[in-house]
Amino acid sequence: MAKFLFVTICTVANLFAFLPVIHGNNFETKATQFFSSGHTNNWAVLVCTSRFWFNYRHVANVLSVYRSVKRLGIPDSHIVLMLADDMACNHRNPKPATVFSHKNMELNVYGDDVEVDYRGYEVTVENFLRVLTGRLPPSTPRSKRLLSDDRSNILIYLTGHGGNGFLKFQDSEEISNVELADAFEQMWQKRRYNELLFIIDTCQGASMYERFYSPNIMALASSQVGEDSLSHQPDLAIGVHLMDRYTFYLLEFLEDIHPASQANMNDLFKVCPKSQCVSTPGHRTDLFLRDPGSVLITDFFGSVRKVEITREAINLTNPTELPQDLTSLRNELKSEALFYVDQLPVADIIHQKPKQKDWHPPDGFILGLWSLILLVFFKTYGIKHLKHIF
Amino acid sequence: MAAPLTLVLILSVTIRAVLFRSSLAELISERVEVVSPLNAWKRVVEGLALLDLGVSPYSGDVFHETPLVIYLFHFVVDYAEIVFMVSTFEFSGKYNLFIKQKYALEADRYPHDCLELMRSPKEMHYIPLKVAMFYLLNPFTILSCVAKSTCGLNNAVMALFILSTLKGSALLSAIFLALATYQSIYPLTLFAPGLLFLLQRLYIPVNPCRSRFWFFTVQYSVMFIGSLLVIVCLSFFLLGSWDFIPSVYGFILSVPDLTPNIGLFWYFFAEMFEHFRFFFICVFQINVFFYTIPLSVKLKEHPVFLIFMQIAIISIFKSYPTVGDIALYMAFLPVWSHLYRFLRNIFLVSCVLLACTALFPVLWHLWIYAGSANSNFYYAITLLFNVGQILLVSDYFYAYLRREHHLSQGLYLRRKDGSEATLVLK
């Protein structure tokens, strides 16, 4: 008994000893962490939990988010995409090898660079939880792993059919909100994320984030408990609904975001109000340490590096000189901030429809045609009418 | 005369307007019997949209109408219904003069006992109205107009050609014939009856030895070919390229699109081996043009009836017929109502045509939607429908010739010894 007590006191003392090492030594770093993001890499886990042709819209939802996330900079190596992937080559698809997300087939989200990591029957609850927690067999390839660290911001997007407290996976099993919350807690304890944005577009989606208890999680859902999330438009040519309302308006919102955009989470919370969505979207920010107004959209949806450009040489070898140089340099940097030129043409990234110009027949043609008609008219009916015109 | 015609006009406008606004309009414009790849409205809109996007409308297998149709519709595409209604009405307004012409030519030179064969002026007074009614209230025309198929425009141009021929204006007749040939190649066969009528009107006998005959023929053909060339060159200037020629004329002649319709080409060419395809295309196309010469030789005194026969033959044997083409020659039938007593199969023919018209959508549904029939069923009805039309046309031909025979030989035939004789067609 005494031994046991001694061991527990030792472990507690060790924990207290190590805490400062883990969380940083001084108040200043904590404060800076408070007010800036502090992440160094971005990951995305995008899951569509349905299969079969009539769940076309769930695949289109996930592929739209995938497309936006790739466009804003997250590479395929940092995206874990889980789809049943039975839409594009389905026998019932009138346009094979495409998955459309707008009516009138405006946007093909299944381009030629979609990399699906978990396909078909691999999209199971077990695989999803293993991806999140990292407890995968050693033979799993890198593309199927979530290799995040404690400086990663992760975006998790789930869509499919859900209910109060559960999400249905591929018509055969379910994941409950308790399991999901426990998986996130495992991730927090293993320091597998810096901040997590959880978006879910299913019926009664808010029930899935009710049980979260780990810090630094922000959650959005497309509908409250007791409400259904509705789909947006059917396409008569394809024969199914193409997208869900929440993700449709989310996609529209994301199409206007470019890597240099300063839009923050408060704008994201306003996406799809009840008038457009019919259901009431919800969000949860109590577990998140930063103020949502200071969180940029690109912190989660894009892979934006925080870069400060300087022309000065910083001497890092002599530690005693470090504070003075830093303070002087900081003053100089504040006076002239340098920026890179926009690497990507923003106008192209932002969704823009080309202006349609109407075709007009050439003037020569009109002249020729009407003069011929007039000639024939006067030839048939006599030249005397000419007098009346001129 | 004006009042009943106005009434008929108002009635037909009402029917068309009601159908345009109802949900049936979309259903009708999808029917293969009413629209063909040549004259579907959907394709016109598609072609105009392609043009707005900066692409030639003839790229791809979408649009097969002539460039003048593009010019006509590019600013009236929203008011298309009105355009089609107007073209229908101008067609129906053609026959007042027409009838008077016909009567004037027949007034003299017949034996006395044929008075009952002759038509009295009173009868003829109502024929224009009947023709107008037959065209405007014909369900085929209504369907074609509601579907906004450009067949209505083709019909209007052919009607203008007939009118200008009957009025005797060679230039206008040549121009309208050129326009009709430019739209679809087949009205080329109407060159012969047009020429014959104008010759008859100018009292030039059809005799190859006479120089007057050749002079007029050359004049007319020069006008025709000249206006055709002018129209083709003008369409070149509209879009700046010659791709309309393979898209329009190449399409009509080589029949690449085998969507089922009420014609004879599709089934045959769907199962044709590639090796023989060219040969059979030639055979089928020659079939349309082939009847011109024998018929003109036989009917050189009666060019108006020849026009009717030619139009009927074009509607039956063309590569993509629709019900709008049939409505065109059916509108002529009241003009020959006096032939009724000589028609032999009219009941059978009308039953066949009605039954086939009713069965077309039924067998289409069974084939395409229910899956319990196949293309043979639909083709059988197509064949039967065309056979019915051929029977109708040949019946009228027989009746016409018989009447002519009676007019020259007398109505009650007697043999040389005075006993009664019957006329038998061998």
# chains A, B, ... in the order shown; residues from 1 in each chain; ligands from 1
>>> interface_residues(of="chain A", to="chain B", cutoff="9 Å", atoms="only C-alpha atoms", output="JSON, numbers by chain")
{"A": [356, 357, 358, 359, 360, 361, 362, 363, 364, 365, 366, 368, 369, 376, 379, 380]}
>>> write_last_selection(atoms="N, CA and C atoms", output="PDB file, in the first residue's frame")
ATOM      1  N   GLN A 356     -21.238  36.370 -71.035  1.00  0.00           N
ATOM      2  CA  GLN A 356     -21.649  35.782 -72.302  1.00  0.00           C
ATOM      3  C   GLN A 356     -21.933  36.855 -73.324  1.00  0.00           C
ATOM      4  N   LYS A 357     -21.304  36.703 -74.473  1.00  0.00           N
ATOM      5  CA  LYS A 357     -21.563  37.690 -75.520  1.00  0.00           C
ATOM      6  C   LYS A 357     -22.458  37.053 -76.560  1.00  0.00           C
ATOM      7  N   ASP A 358     -23.432  37.807 -76.991  1.00  0.00           N
ATOM      8  CA  ASP A 358     -24.329  37.274 -78.005  1.00  0.00           C
ATOM      9  C   ASP A 358     -23.697  37.372 -79.368  1.00  0.00           C
ATOM     10  N   TRP A 359     -24.037  36.419 -80.232  1.00  0.00           N
ATOM     11  CA  TRP A 359     -23.507  36.439 -81.585  1.00  0.00           C
ATOM     12  C   TRP A 359     -24.360  37.329 -82.449  1.00  0.00           C
ATOM     13  N   HIS A 360     -23.708  38.117 -83.284  1.00  0.00           N
ATOM     14  CA  HIS A 360     -24.461  38.926 -84.238  1.00  0.00           C
ATOM     15  C   HIS A 360     -23.999  38.585 -85.638  1.00  0.00           C
ATOM     16  N   PRO A 361     -24.916  38.557 -86.613  1.00  0.00           N
ATOM     17  CA  PRO A 361     -24.466  38.246 -87.962  1.00  0.00           C
ATOM     18  C   PRO A 361     -23.623  39.397 -88.512  1.00  0.00           C
ATOM     19  N   PRO A 362     -22.694  39.089 -89.406  1.00  0.00           N
ATOM     20  CA  PRO A 362     -21.843  40.159 -89.933  1.00  0.00           C
ATOM     21  C   PRO A 362     -22.646  41.152 -90.751  1.00  0.00           C
ATOM     22  N   ASP A 363     -22.165  42.405 -90.742  1.00  0.00           N
ATOM     23  CA  ASP A 363     -22.926  43.474 -91.395  1.00  0.00           C
ATOM     24  C   ASP A 363     -23.034  43.267 -92.883  1.00  0.00           C
ATOM     25  N   GLY A 364     -21.965  42.724 -93.463  1.00  0.00           N
ATOM     26  CA  GLY A 364     -21.979  42.500 -94.908  1.00  0.00           C
ATOM     27  C   GLY A 364     -23.113  41.582 -95.314  1.00  0.00           C
ATOM     28  N   PHE A 365     -23.320  40.585 -94.487  1.00  0.00           N
ATOM     29  CA  PHE A 365     -24.384  39.626 -94.768  1.00  0.00           C
ATOM     30  C   PHE A 365     -25.739  40.305 -94.744  1.00  0.00           C
ATOM     31  N   ILE A 366     -25.983  41.081 -93.704  1.00  0.00           N
ATOM     32  CA  ILE A 366     -27.290  41.735 -93.567  1.00  0.00           C
ATOM     33  C   ILE A 366     -27.537  42.663 -94.746  1.00  0.00           C
ATOM     34  N   GLY A 368     -26.158  42.532 -97.741  1.00  0.00           N
ATOM     35  CA  GLY A 368     -26.349  41.759 -98.967  1.00  0.00           C
ATOM     36  C   GLY A 368     -27.751  41.167 -99.035  1.00  0.00           C
ATOM     37  N   LEU A 369     -28.171  40.567 -97.923  1.00  0.00           N
ATOM     38  CA  LEU A 369     -29.471  39.894 -97.915  1.00  0.00           C
ATOM     39  C   LEU A 369     -30.601  40.866 -98.176  1.00  0.00           C
ATOM     40  N   VAL A 376     -35.455  42.061-105.529  1.00  0.00           N
ATOM     41  CA  VAL A 376     -36.481  41.136-106.010  1.00  0.00           C
ATOM     42  C   VAL A 376     -37.859  41.767-105.877  1.00  0.00           C
ATOM     43  N   LYS A 379     -38.309  44.321-108.570  1.00  0.00           N
ATOM     44  CA  LYS A 379     -38.399  43.704-109.886  1.00  0.00           C
ATOM     45  C   LYS A 379     -39.791  43.132-110.094  1.00  0.00           C
ATOM     46  N   THR A 380     -40.336  42.503-109.047  1.00  0.00           N
ATOM     47  CA  THR A 380     -41.641  41.870-109.204  1.00  0.00           C
ATOM     48  C   THR A 380     -42.769  42.874-109.258  1.00  0.00           C
TER      49      THR A 380
END
>>> residues_around(residues="range 383-394 of chain B", least_positions_apart="4", cutoff="8 Å", atoms="only C-alpha atoms", output="PyMOL selection string")
chain B and resi 262-264+309+312+316+345-346+349-350+352-353+356-357+379+398
>>> write_last_selection(atoms="all heavy atoms", output="tab-separated table (two decimals), in the first residue's frame")
chain	number	residue	atom	x	y	z
B	262	ILE	N	-40.78	8.38	-89.02
B	262	ILE	CA	-41.82	7.70	-89.77
B	262	ILE	C	-41.37	7.38	-91.18
B	262	ILE	O	-42.17	7.09	-92.05
B	262	ILE	CB	-43.12	8.54	-89.80
B	262	ILE	CG1	-42.84	9.92	-90.38
B	262	ILE	CG2	-43.68	8.65	-88.43
B	262	ILE	CD1	-44.10	10.70	-90.51
B	263	GLY	N	-40.08	7.46	-91.43
B	263	GLY	CA	-39.59	7.19	-92.78
B	263	GLY	C	-39.09	5.76	-92.92
B	263	GLY	O	-39.22	4.93	-92.04
B	264	LEU	N	-38.49	5.52	-94.07
B	264	LEU	CA	-38.10	4.16	-94.40
B	264	LEU	C	-36.62	3.90	-94.24
B	264	LEU	O	-36.17	2.78	-94.36
B	264	LEU	CB	-38.48	3.88	-95.87
B	264	LEU	CG	-39.96	4.05	-96.15
B	264	LEU	CD1	-40.19	4.19	-97.63
B	264	LEU	CD2	-40.71	2.85	-95.62
B	309	MET	N	-48.33	15.48	-106.68
B	309	MET	CA	-47.71	14.15	-106.65
B	309	MET	C	-46.28	14.22	-106.19
B	309	MET	O	-45.81	13.40	-105.41
B	309	MET	CB	-47.74	13.53	-108.06
B	309	MET	CG	-49.08	13.16	-108.55
B	309	MET	SD	-49.69	11.69	-107.74
B	309	MET	CE	-48.59	10.47	-108.40
B	312	ALA	N	-46.01	14.80	-102.53
B	312	ALA	CA	-46.34	13.56	-101.81
B	312	ALA	C	-45.17	12.59	-101.85
B	312	ALA	O	-44.81	11.98	-100.84
B	312	ALA	CB	-47.58	12.93	-102.43
B	316	ILE	N	-42.96	11.07	-98.69
B	316	ILE	CA	-42.91	9.66	-98.35
B	316	ILE	C	-41.47	9.16	-98.36
B	316	ILE	O	-41.04	8.44	-97.48
B	316	ILE	CB	-43.76	8.84	-99.34
B	316	ILE	CG1	-45.21	9.25	-99.24
B	316	ILE	CG2	-43.62	7.36	-99.05
B	316	ILE	CD1	-46.05	8.69	-100.34
B	345	ASN	N	-59.95	3.19	-103.09
B	345	ASN	CA	-59.54	2.64	-101.80
B	345	ASN	C	-59.62	3.62	-100.66
B	345	ASN	O	-58.93	3.47	-99.67
B	345	ASN	CB	-58.08	2.19	-101.88
B	345	ASN	CG	-57.85	1.22	-102.97
B	345	ASN	OD1	-58.71	0.41	-103.25
B	345	ASN	ND2	-56.72	1.31	-103.62
B	346	ILE	N	-60.41	4.66	-100.83
B	346	ILE	CA	-60.28	5.75	-99.88
B	346	ILE	C	-60.60	5.33	-98.46
B	346	ILE	O	-59.94	5.77	-97.50
B	346	ILE	CB	-61.11	6.98	-100.34
B	346	ILE	CG1	-60.66	8.22	-99.59
B	346	ILE	CG2	-62.58	6.74	-100.17
B	346	ILE	CD1	-59.30	8.64	-99.93
B	349	VAL	N	-57.63	3.28	-97.10
B	349	VAL	CA	-56.45	4.13	-96.89
B	349	VAL	C	-56.64	5.00	-95.66
B	349	VAL	O	-55.73	5.14	-94.84
B	349	VAL	CB	-56.20	5.00	-98.14
B	349	VAL	CG1	-55.27	6.14	-97.83
B	349	VAL	CG2	-55.64	4.15	-99.25
B	350	SER	N	-57.83	5.58	-95.55
B	350	SER	CA	-58.00	6.47	-94.39
B	350	SER	C	-57.96	5.68	-93.09
B	350	SER	O	-57.40	6.14	-92.10
B	350	SER	CB	-59.28	7.28	-94.50
B	350	SER	OG	-60.33	6.46	-94.89
B	352	VAL	N	-56.25	2.92	-92.60
B	352	VAL	CA	-54.84	2.57	-92.36
B	352	VAL	C	-54.10	3.76	-91.77
B	352	VAL	O	-53.37	3.63	-90.78
B	352	VAL	CB	-54.18	2.11	-93.69
B	352	VAL	CG1	-52.67	2.14	-93.56
B	352	VAL	CG2	-54.63	0.73	-94.05
B	353	LEU	N	-54.30	4.94	-92.36
B	353	LEU	CA	-53.56	6.10	-91.87
B	353	LEU	C	-53.96	6.45	-90.45
B	353	LEU	O	-53.10	6.75	-89.61
B	353	LEU	CB	-53.79	7.30	-92.80
B	353	LEU	CG	-53.14	7.18	-94.18
B	353	LEU	CD1	-53.50	8.37	-95.03
B	353	LEU	CD2	-51.64	7.07	-94.07
B	356	CYS	N	-52.52	3.79	-88.05
B	356	CYS	CA	-51.07	3.91	-87.87
B	356	CYS	C	-50.72	5.12	-87.03
B	356	CYS	O	-49.84	5.07	-86.18
B	356	CYS	CB	-50.38	4.01	-89.22
B	356	CYS	SG	-50.43	2.45	-90.08
B	357	THR	N	-51.43	6.22	-87.28
B	357	THR	CA	-51.15	7.41	-86.47
B	357	THR	C	-51.40	7.13	-85.00
B	357	THR	O	-50.66	7.58	-84.13
B	357	THR	CB	-52.06	8.57	-86.91
B	357	THR	OG1	-52.14	8.59	-88.31
B	357	THR	CG2	-51.53	9.88	-86.39
B	379	TYR	N	-41.20	-0.39	-86.83
B	379	TYR	CA	-40.94	-0.28	-88.25
B	379	TYR	C	-42.11	-0.82	-89.06
B	379	TYR	O	-42.40	-0.32	-90.15
B	379	TYR	CB	-39.65	-1.01	-88.62
B	379	TYR	CG	-39.24	-0.77	-90.05
B	379	TYR	CD1	-38.97	0.52	-90.47
B	379	TYR	CD2	-39.15	-1.79	-90.96
B	379	TYR	CE1	-38.61	0.78	-91.77
B	379	TYR	CE2	-38.78	-1.55	-92.26
B	379	TYR	CZ	-38.51	-0.26	-92.66
B	379	TYR	OH	-38.15	-0.02	-93.95
B	398	TYR	N	-54.77	7.62	-110.06
B	398	TYR	CA	-55.70	6.83	-110.86
B	398	TYR	C	-56.98	7.61	-111.13
B	398	TYR	O	-57.48	7.69	-112.25
B	398	TYR	CB	-56.00	5.52	-110.15
B	398	TYR	CG	-57.19	4.81	-110.70
B	398	TYR	CD1	-57.10	4.07	-111.87
B	398	TYR	CD2	-58.43	4.88	-110.07
B	398	TYR	CE1	-58.20	3.43	-112.39
B	398	TYR	CE2	-59.53	4.23	-110.59
B	398	TYR	CZ	-59.41	3.51	-111.75
B	398	TYR	OH	-60.50	2.89	-112.26
>>> closest_residue(among="B:Ser144, B:Thr181, B:Ser211, B:Thr165", to="Ala40 in chain B", atoms="only C-alpha atoms")
B:Ser144
>>> closest_residue(among="A:Ser279, A:Thr49, A:Asn264, A:Thr40", to="Ser148 in chain A", atoms="only C-alpha atoms")
A:Thr40
>>> residues_around(residues="range 293-306 of chain A", least_positions_apart="5", cutoff="6 Å", atoms="only C-alpha atoms", output="VMD selection string")
chain A and resid 42 69 72 to 74 155 263 to 266
>>> atom_distance(atom1="CA of Val131 in chain B", atom2="CA of Leu343 in chain B")
19.0 Å
>>> select_by_dssp(residues="range 57-215 of chain A", states="strand (DSSP E)", output="JSON, numbers by chain")
{"A": [79, 80, 81, 82, 83, 118, 119, 152, 153, 154, 155, 156, 157, 158, 159, 162, 163, 166, 167, 168, 169, 173, 174, 175, 176, 195, 196, 197, 198, 199, 200, 201]}
>>> closest_residue(among="B:Thr259, B:Pro4, B:Ile311, B:Phe276", to="Lys130 in chain B", atoms="only C-alpha atoms")
B:Pro4
>>> residues_around(residues="Glu65 in chain B", least_positions_apart="6", cutoff="8 Å", atoms="only C-alpha atoms", output="ChimeraX atom specification")
/B:38-39,44,183,248
>>> decode(residues="range 273-284 of chain B", atoms="all heavy atoms", output="PDB file, in the first residue's frame")
ATOM      1  N   PHE B 273     -24.833  -3.660 -93.654  1.00  0.00           N
ATOM      2  CA  PHE B 273     -23.381  -3.790 -93.536  1.00  0.00           C
ATOM      3  C   PHE B 273     -22.712  -2.592 -94.208  1.00  0.00           C
ATOM      4  O   PHE B 273     -23.185  -2.091 -95.210  1.00  0.00           O
ATOM      5  CB  PHE B 273     -22.906  -5.069 -94.215  1.00  0.00           C
ATOM      6  CG  PHE B 273     -23.293  -6.301 -93.474  1.00  0.00           C
ATOM      7  CD1 PHE B 273     -24.139  -7.231 -94.038  1.00  0.00           C
ATOM      8  CD2 PHE B 273     -22.828  -6.534 -92.194  1.00  0.00           C
ATOM      9  CE1 PHE B 273     -24.494  -8.376 -93.351  1.00  0.00           C
ATOM     10  CE2 PHE B 273     -23.176  -7.666 -91.506  1.00  0.00           C
ATOM     11  CZ  PHE B 273     -24.010  -8.601 -92.081  1.00  0.00           C
ATOM     12  N   GLU B 274     -21.572  -2.209 -93.666  1.00  0.00           N
ATOM     13  CA  GLU B 274     -20.877  -1.019 -94.159  1.00  0.00           C
ATOM     14  C   GLU B 274     -20.551  -1.129 -95.628  1.00  0.00           C
ATOM     15  O   GLU B 274     -20.575  -0.166 -96.377  1.00  0.00           O
ATOM     16  CB  GLU B 274     -19.560  -0.838 -93.391  1.00  0.00           C
ATOM     17  CG  GLU B 274     -19.712  -0.206 -92.032  1.00  0.00           C
ATOM     18  CD  GLU B 274     -20.368   1.157 -92.114  1.00  0.00           C
ATOM     19  OE1 GLU B 274     -19.970   1.950 -92.985  1.00  0.00           O
ATOM     20  OE2 GLU B 274     -21.295   1.416 -91.342  1.00  0.00           O
ATOM     21  N   HIS B 275     -20.261  -2.331 -96.048  1.00  0.00           N
ATOM     22  CA  HIS B 275     -19.829  -2.570 -97.418  1.00  0.00           C
ATOM     23  C   HIS B 275     -20.885  -2.126 -98.419  1.00  0.00           C
ATOM     24  O   HIS B 275     -20.572  -1.616 -99.482  1.00  0.00           O
ATOM     25  CB  HIS B 275     -19.560  -4.069 -97.559  1.00  0.00           C
ATOM     26  CG  HIS B 275     -18.946  -4.465 -98.856  1.00  0.00           C
ATOM     27  ND1 HIS B 275     -17.701  -4.038 -99.243  1.00  0.00           N
ATOM     28  CD2 HIS B 275     -19.400  -5.237 -99.860  1.00  0.00           C
ATOM     29  CE1 HIS B 275     -17.415  -4.550-100.437  1.00  0.00           C
ATOM     30  NE2 HIS B 275     -18.429  -5.285-100.830  1.00  0.00           N
ATOM     31  N   PHE B 276     -22.163  -2.338 -98.056  1.00  0.00           N
ATOM     32  CA  PHE B 276     -23.242  -2.057 -99.001  1.00  0.00           C
ATOM     33  C   PHE B 276     -23.903  -0.728 -98.762  1.00  0.00           C
ATOM     34  O   PHE B 276     -24.828  -0.352 -99.463  1.00  0.00           O
ATOM     35  CB  PHE B 276     -24.323  -3.143 -98.883  1.00  0.00           C
ATOM     36  CG  PHE B 276     -23.803  -4.507 -99.195  1.00  0.00           C
ATOM     37  CD1 PHE B 276     -23.611  -5.434 -98.185  1.00  0.00           C
ATOM     38  CD2 PHE B 276     -23.493  -4.847-100.483  1.00  0.00           C
ATOM     39  CE1 PHE B 276     -23.121  -6.688 -98.459  1.00  0.00           C
ATOM     40  CE2 PHE B 276     -23.006  -6.093-100.774  1.00  0.00           C
ATOM     41  CZ  PHE B 276     -22.812  -7.028 -99.761  1.00  0.00           C
ATOM     42  N   ARG B 277     -23.444  -0.035 -97.733  1.00  0.00           N
ATOM     43  CA  ARG B 277     -24.173   1.153 -97.315  1.00  0.00           C
ATOM     44  C   ARG B 277     -24.249   2.201 -98.416  1.00  0.00           C
ATOM     45  O   ARG B 277     -25.317   2.748 -98.672  1.00  0.00           O
ATOM     46  CB  ARG B 277     -23.491   1.739 -96.074  1.00  0.00           C
ATOM     47  CG  ARG B 277     -24.348   2.701 -95.380  1.00  0.00           C
ATOM     48  CD  ARG B 277     -23.580   3.433 -94.311  1.00  0.00           C
ATOM     49  NE  ARG B 277     -24.227   4.689 -94.073  1.00  0.00           N
ATOM     50  CZ  ARG B 277     -25.187   4.875 -93.197  1.00  0.00           C
ATOM     51  NH1 ARG B 277     -25.601   3.895 -92.463  1.00  0.00           N
ATOM     52  NH2 ARG B 277     -25.744   6.061 -93.065  1.00  0.00           N
ATOM     53  N   PHE B 278     -23.134   2.441 -99.054  1.00  0.00           N
ATOM     54  CA  PHE B 278     -23.114   3.488-100.072  1.00  0.00           C
ATOM     55  C   PHE B 278     -24.070   3.154-101.211  1.00  0.00           C
ATOM     56  O   PHE B 278     -24.824   4.003-101.685  1.00  0.00           O
ATOM     57  CB  PHE B 278     -21.681   3.653-100.581  1.00  0.00           C
ATOM     58  CG  PHE B 278     -21.545   4.725-101.611  1.00  0.00           C
ATOM     59  CD1 PHE B 278     -21.815   6.042-101.290  1.00  0.00           C
ATOM     60  CD2 PHE B 278     -21.168   4.432-102.900  1.00  0.00           C
ATOM     61  CE1 PHE B 278     -21.713   7.042-102.226  1.00  0.00           C
ATOM     62  CE2 PHE B 278     -21.058   5.430-103.848  1.00  0.00           C
ATOM     63  CZ  PHE B 278     -21.326   6.734-103.524  1.00  0.00           C
ATOM     64  N   PHE B 279     -24.038   1.905-101.608  1.00  0.00           N
ATOM     65  CA  PHE B 279     -24.911   1.479-102.693  1.00  0.00           C
ATOM     66  C   PHE B 279     -26.374   1.726-102.349  1.00  0.00           C
ATOM     67  O   PHE B 279     -27.145   2.283-103.132  1.00  0.00           O
ATOM     68  CB  PHE B 279     -24.669  -0.004-102.973  1.00  0.00           C
ATOM     69  CG  PHE B 279     -25.631  -0.629-103.921  1.00  0.00           C
ATOM     70  CD1 PHE B 279     -25.662  -0.257-105.252  1.00  0.00           C
ATOM     71  CD2 PHE B 279     -26.541  -1.586-103.496  1.00  0.00           C
ATOM     72  CE1 PHE B 279     -26.548  -0.824-106.136  1.00  0.00           C
ATOM     73  CE2 PHE B 279     -27.432  -2.160-104.367  1.00  0.00           C
ATOM     74  CZ  PHE B 279     -27.443  -1.794-105.688  1.00  0.00           C
ATOM     75  N   PHE B 280     -26.772   1.325-101.141  1.00  0.00           N
ATOM     76  CA  PHE B 280     -28.174   1.478-100.779  1.00  0.00           C
ATOM     77  C   PHE B 280     -28.563   2.913-100.523  1.00  0.00           C
ATOM     78  O   PHE B 280     -29.706   3.294-100.749  1.00  0.00           O
ATOM     79  CB  PHE B 280     -28.524   0.568 -99.600  1.00  0.00           C
ATOM     80  CG  PHE B 280     -28.795  -0.828-100.022  1.00  0.00           C
ATOM     81  CD1 PHE B 280     -27.845  -1.817 -99.879  1.00  0.00           C
ATOM     82  CD2 PHE B 280     -30.000  -1.159-100.616  1.00  0.00           C
ATOM     83  CE1 PHE B 280     -28.096  -3.103-100.297  1.00  0.00           C
ATOM     84  CE2 PHE B 280     -30.264  -2.435-101.033  1.00  0.00           C
ATOM     85  CZ  PHE B 280     -29.306  -3.416-100.882  1.00  0.00           C
ATOM     86  N   ILE B 281     -27.624   3.721-100.032  1.00  0.00           N
ATOM     87  CA  ILE B 281     -27.911   5.163 -99.918  1.00  0.00           C
ATOM     88  C   ILE B 281     -28.252   5.713-101.292  1.00  0.00           C
ATOM     89  O   ILE B 281     -29.242   6.440-101.468  1.00  0.00           O
ATOM     90  CB  ILE B 281     -26.709   5.918 -99.333  1.00  0.00           C
ATOM     91  CG1 ILE B 281     -26.520   5.600 -97.880  1.00  0.00           C
ATOM     92  CG2 ILE B 281     -26.835   7.403 -99.550  1.00  0.00           C
ATOM     93  CD1 ILE B 281     -27.231   6.511 -96.950  1.00  0.00           C
ATOM     94  N   CYS B 282     -27.441   5.370-102.276  1.00  0.00           N
ATOM     95  CA  CYS B 282     -27.702   5.847-103.637  1.00  0.00           C
ATOM     96  C   CYS B 282     -29.067   5.364-104.111  1.00  0.00           C
ATOM     97  O   CYS B 282     -29.839   6.144-104.662  1.00  0.00           O
ATOM     98  CB  CYS B 282     -26.622   5.358-104.600  1.00  0.00           C
ATOM     99  SG  CYS B 282     -25.025   6.062-104.264  1.00  0.00           S
ATOM    100  N   VAL B 283     -29.357   4.085-103.874  1.00  0.00           N
ATOM    101  CA  VAL B 283     -30.637   3.544-104.324  1.00  0.00           C
ATOM    102  C   VAL B 283     -31.791   4.313-103.706  1.00  0.00           C
ATOM    103  O   VAL B 283     -32.711   4.762-104.384  1.00  0.00           O
ATOM    104  CB  VAL B 283     -30.731   2.042-103.954  1.00  0.00           C
ATOM    105  CG1 VAL B 283     -32.147   1.535-104.101  1.00  0.00           C
ATOM    106  CG2 VAL B 283     -29.804   1.240-104.828  1.00  0.00           C
ATOM    107  N   PHE B 284     -31.731   4.499-102.383  1.00  0.00           N
ATOM    108  CA  PHE B 284     -32.826   5.170-101.698  1.00  0.00           C
ATOM    109  C   PHE B 284     -32.965   6.614-102.130  1.00  0.00           C
ATOM    110  O   PHE B 284     -34.086   7.125-102.280  1.00  0.00           O
ATOM    111  CB  PHE B 284     -32.603   5.103-100.181  1.00  0.00           C
ATOM    112  CG  PHE B 284     -33.130   3.859 -99.536  1.00  0.00           C
ATOM    113  CD1 PHE B 284     -32.633   2.615 -99.861  1.00  0.00           C
ATOM    114  CD2 PHE B 284     -34.126   3.939 -98.585  1.00  0.00           C
ATOM    115  CE1 PHE B 284     -33.128   1.474 -99.255  1.00  0.00           C
ATOM    116  CE2 PHE B 284     -34.620   2.798 -97.970  1.00  0.00           C
ATOM    117  CZ  PHE B 284     -34.117   1.565 -98.312  1.00  0.00           C
TER     118      PHE B 284
END
